[in-house]
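A.B. asks: Okay, handing you the structure first.
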Amino acid sequence: MSTANVYESLAARVYELDKPTGHSFGDIEFYAELLDGCTGPILEPAVGSGRFLIPMLQRGFMVSGTDPSEHMLAICEREAARAGVRARLAVAAFGEQAWPEQYEAIVVPAGSIQLIATFDETREALRKMLSQLAPGGRLVLDLDSLAGLAEPAGPARSWQDGAHTLTLVSSIEERDFSAQRLTQQLRYERWNGPVLEQQELQRFTLRFWGVEEMRLLLEKLGAETVTVHADYAFGAQPTEATSVTTLVATVA
């Protein structure tokens, strides 16, 4: 994964406040039903602060997590202990094999696959993840709508963190329709009253995907079947109004 998308300490704290453990977009419930009966090991790359992993562990799934950000993993480890579950975590990027076993499922919820900035890097990461699946295993990933490529930068936001105020301001740096890539500059700040105590600037790049484009790539990489589900509704096909599409690629 591009280092531009690795969360540093302030960005990780903002993510934790904005999307706390257990916060669901509908994905936690959908994935829990999709993976019902899965008793083998599951991997979540880009596990982040554990928003998704921890409630899945609480449901009894054997999920391990990797992430390139040590700051995010520290939050995940702390929140897992607080929730009374044990999380196996490692610093690694997409496709890097942190443990030797093969997985019954690899899950990439909430559009995290789009954090890989280029087509070639994504193809290689998908190839590696498919190779890490046990026979009959599934690679499950979410894609945001391509409409996100044309959306303007979001408004300035703030969160209260004890006596401090954390702020986030985003601006568009580059919108490359031919590469289906959007790069933003994200400025995170930590304020103590009127005093600025900490600041981080992050170049944040997302590579958007068409549903059929991703389906064809997964099939070319060896997936035996690829099924599609729109907006976390089983069997629903994506339309112009769809926000999130989930693809389930199964290997022989």
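Labels for the structure tokens follow display order: chains A, B, ..., residues from 1 in each chain, ligands from 1.
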As a ChimeraX atom specification, please: all residues of segment 87-137 of chain A that backbone DSSP puts in strand (DSSP E).

C.D. replies: /A:88-91,103-108,133-137

A.B. asks: Quick one: everything within 10 Å of Gln114 of chain A, counting only C-alpha atoms, minus sequence neighbours fewer than 3 positions away in the same chain. Send it as a PyMOL selection string.

C.D. replies: chain A and resi 1+108+110-111+117-119+122+141-144+181+205-209

A.B. asks: Considering only C-alpha atoms, return as a ChimeraX atom specification whatever protein or nucleic-acid residues lie within 12 Å of segment 240-247 of chain A, sequence-local ones (same chain, fewer than 4 positions apart) excluded.

C.D. replies: /A:25-27,30-31,34,106-113,138-148,208-219,223,225-236

A.B. asks: Please tabulate, as a tab-separated table, the residues of segment 76-188 of chain A that come within 10 Å of segment 6-18 of chain A, each with its closest pair of atoms and the distance in Å to one decimal, counting only C-alpha atoms and ordering rows by chain, then residue number upward.

C.D. replies:
```
residue	atom	partner	partner_atom	distance
A:Cys76	CA	A:Glu16	CA	9.3
A:Ala93	CA	A:Val6	CA	9.7
A:Leu115	CA	A:Val6	CA	9.3
A:Ser158	CA	A:Val14	CA	8.9
A:Trp159	CA	A:Leu17	CA	7.3
A:Gln160	CA	A:Leu17	CA	8.7
A:Asp161	CA	A:Leu17	CA	8.1
A:Leu166	CA	A:Val14	CA	7.1
A:Thr167	CA	A:Val14	CA	8.2
A:Leu168	CA	A:Val14	CA	8.2
A:Leu186	CA	A:Ala11	CA	9.0
A:Arg187	CA	A:Ala11	CA	8.9
A:Tyr188	CA	A:Ala11	CA	6.5
```

A.B. asks: Can I get the selection written as a tab-separated table (two decimals), in the first residue's frame, with N, CA and C atoms?

C.D. replies:
```
chain	number	residue	atom	x	y	z
A	76	CYS	N	-6.29	-0.81	18.11
A	76	CYS	CA	-7.01	-2.07	17.98
A	76	CYS	C	-6.70	-3.01	19.14
A	93	ALA	N	1.31	-4.82	4.94
A	93	ALA	CA	0.49	-4.22	3.91
A	93	ALA	C	-0.35	-5.29	3.23
A	115	LEU	N	-7.62	1.83	-1.00
A	115	LEU	CA	-6.44	2.49	-0.46
A	115	LEU	C	-5.18	2.16	-1.26
A	158	SER	N	-14.91	18.46	13.23
A	158	SER	CA	-14.21	18.53	14.51
A	158	SER	C	-14.79	17.50	15.48
A	159	TRP	N	-13.95	17.09	16.44
A	159	TRP	CA	-14.33	16.14	17.47
A	159	TRP	C	-13.77	16.63	18.79
A	160	GLN	N	-14.53	16.42	19.86
A	160	GLN	CA	-14.04	16.75	21.19
A	160	GLN	C	-13.33	15.53	21.76
A	161	ASP	N	-12.11	15.71	22.24
A	161	ASP	CA	-11.31	14.62	22.77
A	161	ASP	C	-10.80	15.05	24.14
A	166	LEU	N	-10.12	18.15	18.14
A	166	LEU	CA	-9.43	17.65	16.96
A	166	LEU	C	-10.19	18.10	15.73
A	167	THR	N	-9.47	18.57	14.73
A	167	THR	CA	-10.12	19.06	13.51
A	167	THR	C	-9.53	18.37	12.29
A	168	LEU	N	-10.35	18.32	11.24
A	168	LEU	CA	-9.92	17.74	9.97
A	168	LEU	C	-10.43	18.63	8.84
A	186	LEU	N	-5.22	15.96	3.52
A	186	LEU	CA	-5.97	15.96	4.78
A	186	LEU	C	-5.11	16.60	5.87
A	187	ARG	N	-5.62	17.64	6.48
A	187	ARG	CA	-4.88	18.32	7.55
A	187	ARG	C	-5.58	18.06	8.88
A	188	TYR	N	-4.89	17.34	9.75
A	188	TYR	CA	-5.39	17.02	11.08
A	188	TYR	C	-4.73	17.97	12.09
```

A.B. asks: Enumerate the residues of segment 18-237 of chain A with a DSSP assignment of helix (DSSP H, G or I), computed from the backbone, and present them as a PyMOL selection string.

C.D. replies: chain A and resi 18+27-34+53-58+70-83+112-115+119-131+146-150+211-220

A.B. asks: Set the distance at 8 Å and use only C-alpha atoms: which residues neighbour Glu79 of chain A once local chain neighbours fewer than 2 positions away are removed? I'd like the list as a list in words.

C.D. replies: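 Answer for this query is Thr21, Ser49, Gly50, Ile54, Ile75, Cys76, Glu77, Ala81, Arg82 and Ala83 of chain A.
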
A.B. asks: Just the residues within 7 Å of Val251 of chain A, please, counting only C-alpha atoms, with nothing from its chain fewer than 2 positions along; format it as a list of chain:residue names.

C.D. replies: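 Listed by chain and then number, they are A:Pro135, A:Gly136, A:Gly137, A:Arg138, A:Ala223, A:Glu224, A:Ala249.
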
A.B. asks: How about saving the chosen residues, C-alpha atoms kept, as a compact mmCIF listing (two decimals), in the first residue's frame?

C.D. replies:
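Saved as result-v8.txt:
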```txt
# COMPACT_ATOMS: atom_id res chain seq x y z
CA PRO A 135 -9.54 -24.60 -1.15
CA GLY A 136 -13.09 -23.27 -1.29
CA GLY A 137 -12.00 -20.08 0.50
CA ARG A 138 -13.47 -16.66 -0.19
CA ALA A 223 -11.41 -16.89 -8.86
CA GLU A 224 -13.79 -19.73 -9.75
CA ALA A 249 -14.64 -14.34 -5.00
```

A.B. asks: How many Å lie between atom CA of Leu35 of chain A and atom CA of Val47 of chain A, rounded to one decimal?

C.D. replies: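 Taking atom CA of Leu35 of chain A as the start and atom CA of Val47 of chain A as the end point, the length is 17.2 Å.
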
A.B. asks: Restricting the calculation to only C-alpha atoms: of A:Pro155, A:Arg59, A:Asp120, A:Pro45, which residue gets closest to Ala179 of chain A?

C.D. replies: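 Looking only at the distances to Ala179 of chain A, the closest residue turns out to be A:Asp120.
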
A.B. asks: For a test of reading the model, state the distance in Å between atom CA of Ala150 of chain A and atom CA of Thr239 of chain A, rounded to one decimal.

C.D. replies: 17.2 Å

A.B. asks: Check the smallest atom-to-atom distance from each of A:Ala46, A:Ala252, A:Leu53, A:Met62 to Ala90 of chain A using only C-alpha atoms, then report the winner.

C.D. replies: A:Ala46

A.B. asks: List as an NGL selection string the protein and nucleic acid residues near Pro55 of chain A, meaning an atom at most 10 Å away when only C-alpha atoms are counted, but skip any in the same chain fewer than 2 places from it.

C.D. replies: :A and (21-24 or 28-29 or 32 or 50-53 or 57-61 or 80 or 83 or 85)

A.B. asks: Only N, CA, C and O atoms, please: the residues just picked out, written as a PDB file, in the first residue's frame.

C.D. replies:
```pdb
ATOM      1  N   THR A  21     -15.140   1.381  17.690  1.00  0.00           N
ATOM      2  CA  THR A  21     -15.313  -0.064  17.650  1.00  0.00           C
ATOM      3  C   THR A  21     -16.791  -0.424  17.612  1.00  0.00           C
ATOM      4  O   THR A  21     -17.585   0.061  18.414  1.00  0.00           O
ATOM      5  N   GLY A  22     -17.152  -1.280  16.653  1.00  0.00           N
ATOM      6  CA  GLY A  22     -18.532  -1.729  16.536  1.00  0.00           C
ATOM      7  C   GLY A  22     -19.405  -0.862  15.662  1.00  0.00           C
ATOM      8  O   GLY A  22     -20.524  -1.251  15.320  1.00  0.00           O
ATOM      9  N   HIS A  23     -18.906   0.322  15.270  1.00  0.00           N
ATOM     10  CA  HIS A  23     -19.681   1.171  14.369  1.00  0.00           C
ATOM     11  C   HIS A  23     -19.885   0.430  13.052  1.00  0.00           C
ATOM     12  O   HIS A  23     -18.935  -0.049  12.449  1.00  0.00           O
ATOM     13  N   SER A  24     -21.131   0.316  12.619  1.00  0.00           N
ATOM     14  CA  SER A  24     -21.428  -0.475  11.430  1.00  0.00           C
ATOM     15  C   SER A  24     -22.083   0.372  10.356  1.00  0.00           C
ATOM     16  O   SER A  24     -22.928   1.223  10.634  1.00  0.00           O
ATOM     17  N   ILE A  28     -21.035  -5.112   9.213  1.00  0.00           N
ATOM     18  CA  ILE A  28     -20.771  -6.106  10.252  1.00  0.00           C
ATOM     19  C   ILE A  28     -21.855  -7.177  10.252  1.00  0.00           C
ATOM     20  O   ILE A  28     -21.571  -8.388  10.266  1.00  0.00           O
ATOM     21  N   GLU A  29     -23.104  -6.748  10.199  1.00  0.00           N
ATOM     22  CA  GLU A  29     -24.211  -7.703  10.201  1.00  0.00           C
ATOM     23  C   GLU A  29     -24.203  -8.546   8.920  1.00  0.00           C
ATOM     24  O   GLU A  29     -24.428  -9.762   8.954  1.00  0.00           O
ATOM     25  N   ALA A  32     -21.254 -11.017   9.023  1.00  0.00           N
ATOM     26  CA  ALA A  32     -21.502 -12.065  10.015  1.00  0.00           C
ATOM     27  C   ALA A  32     -22.435 -13.132   9.441  1.00  0.00           C
ATOM     28  O   ALA A  32     -22.228 -14.338   9.656  1.00  0.00           O
ATOM     29  N   GLY A  50      -9.865  -1.625  14.550  1.00  0.00           N
ATOM     30  CA  GLY A  50     -10.651  -2.758  15.021  1.00  0.00           C
ATOM     31  C   GLY A  50     -12.150  -2.543  14.964  1.00  0.00           C
ATOM     32  O   GLY A  50     -12.909  -3.342  15.529  1.00  0.00           O
ATOM     33  N   ARG A  51     -12.599  -1.514  14.276  1.00  0.00           N
ATOM     34  CA  ARG A  51     -14.038  -1.235  14.156  1.00  0.00           C
ATOM     35  C   ARG A  51     -14.811  -2.487  13.748  1.00  0.00           C
ATOM     36  O   ARG A  51     -15.862  -2.799  14.313  1.00  0.00           O
ATOM     37  N   PHE A  52     -14.283  -3.213  12.786  1.00  0.00           N
ATOM     38  CA  PHE A  52     -14.949  -4.398  12.244  1.00  0.00           C
ATOM     39  C   PHE A  52     -14.465  -5.676  12.925  1.00  0.00           C
ATOM     40  O   PHE A  52     -15.260  -6.550  13.267  1.00  0.00           O
ATOM     41  N   LEU A  53     -13.163  -5.797  13.122  1.00  0.00           N
ATOM     42  CA  LEU A  53     -12.584  -7.038  13.641  1.00  0.00           C
ATOM     43  C   LEU A  53     -13.096  -7.396  15.030  1.00  0.00           C
ATOM     44  O   LEU A  53     -13.430  -8.559  15.294  1.00  0.00           O
ATOM     45  N   LEU A  57     -14.826 -10.850  16.283  1.00  0.00           N
ATOM     46  CA  LEU A  57     -14.260 -11.725  17.308  1.00  0.00           C
ATOM     47  C   LEU A  57     -15.287 -12.020  18.392  1.00  0.00           C
ATOM     48  O   LEU A  57     -15.385 -13.157  18.874  1.00  0.00           O
ATOM     49  N   GLN A  58     -16.043 -11.033  18.784  1.00  0.00           N
ATOM     50  CA  GLN A  58     -17.065 -11.229  19.804  1.00  0.00           C
ATOM     51  C   GLN A  58     -18.149 -12.196  19.349  1.00  0.00           C
ATOM     52  O   GLN A  58     -18.795 -12.839  20.173  1.00  0.00           O
ATOM     53  N   ARG A  59     -18.327 -12.297  18.040  1.00  0.00           N
ATOM     54  CA  ARG A  59     -19.300 -13.245  17.488  1.00  0.00           C
ATOM     55  C   ARG A  59     -18.711 -14.648  17.330  1.00  0.00           C
ATOM     56  O   ARG A  59     -19.406 -15.566  16.890  1.00  0.00           O
ATOM     57  N   GLY A  60     -17.450 -14.826  17.670  1.00  0.00           N
ATOM     58  CA  GLY A  60     -16.844 -16.148  17.646  1.00  0.00           C
ATOM     59  C   GLY A  60     -16.030 -16.475  16.417  1.00  0.00           C
ATOM     60  O   GLY A  60     -15.512 -17.597  16.304  1.00  0.00           O
ATOM     61  N   PHE A  61     -15.860 -15.525  15.491  1.00  0.00           N
ATOM     62  CA  PHE A  61     -15.049 -15.780  14.310  1.00  0.00           C
ATOM     63  C   PHE A  61     -13.565 -15.695  14.651  1.00  0.00           C
ATOM     64  O   PHE A  61     -13.151 -14.881  15.480  1.00  0.00           O
ATOM     65  N   ALA A  80      -9.480  -4.201  21.792  1.00  0.00           N
ATOM     66  CA  ALA A  80      -9.768  -5.628  21.899  1.00  0.00           C
ATOM     67  C   ALA A  80      -9.687  -6.079  23.356  1.00  0.00           C
ATOM     68  O   ALA A  80     -10.557  -6.820  23.847  1.00  0.00           O
ATOM     69  N   ALA A  83     -12.643  -4.977  25.179  1.00  0.00           N
ATOM     70  CA  ALA A  83     -13.842  -5.750  24.825  1.00  0.00           C
ATOM     71  C   ALA A  83     -13.767  -7.195  25.313  1.00  0.00           C
ATOM     72  O   ALA A  83     -14.732  -7.959  25.156  1.00  0.00           O
ATOM     73  N   VAL A  85     -11.610  -9.586  24.219  1.00  0.00           N
ATOM     74  CA  VAL A  85     -11.249 -10.563  23.185  1.00  0.00           C
ATOM     75  C   VAL A  85      -9.760 -10.444  22.896  1.00  0.00           C
ATOM     76  O   VAL A  85      -9.143  -9.416  23.163  1.00  0.00           O
TER      77      VAL A  85
END
```
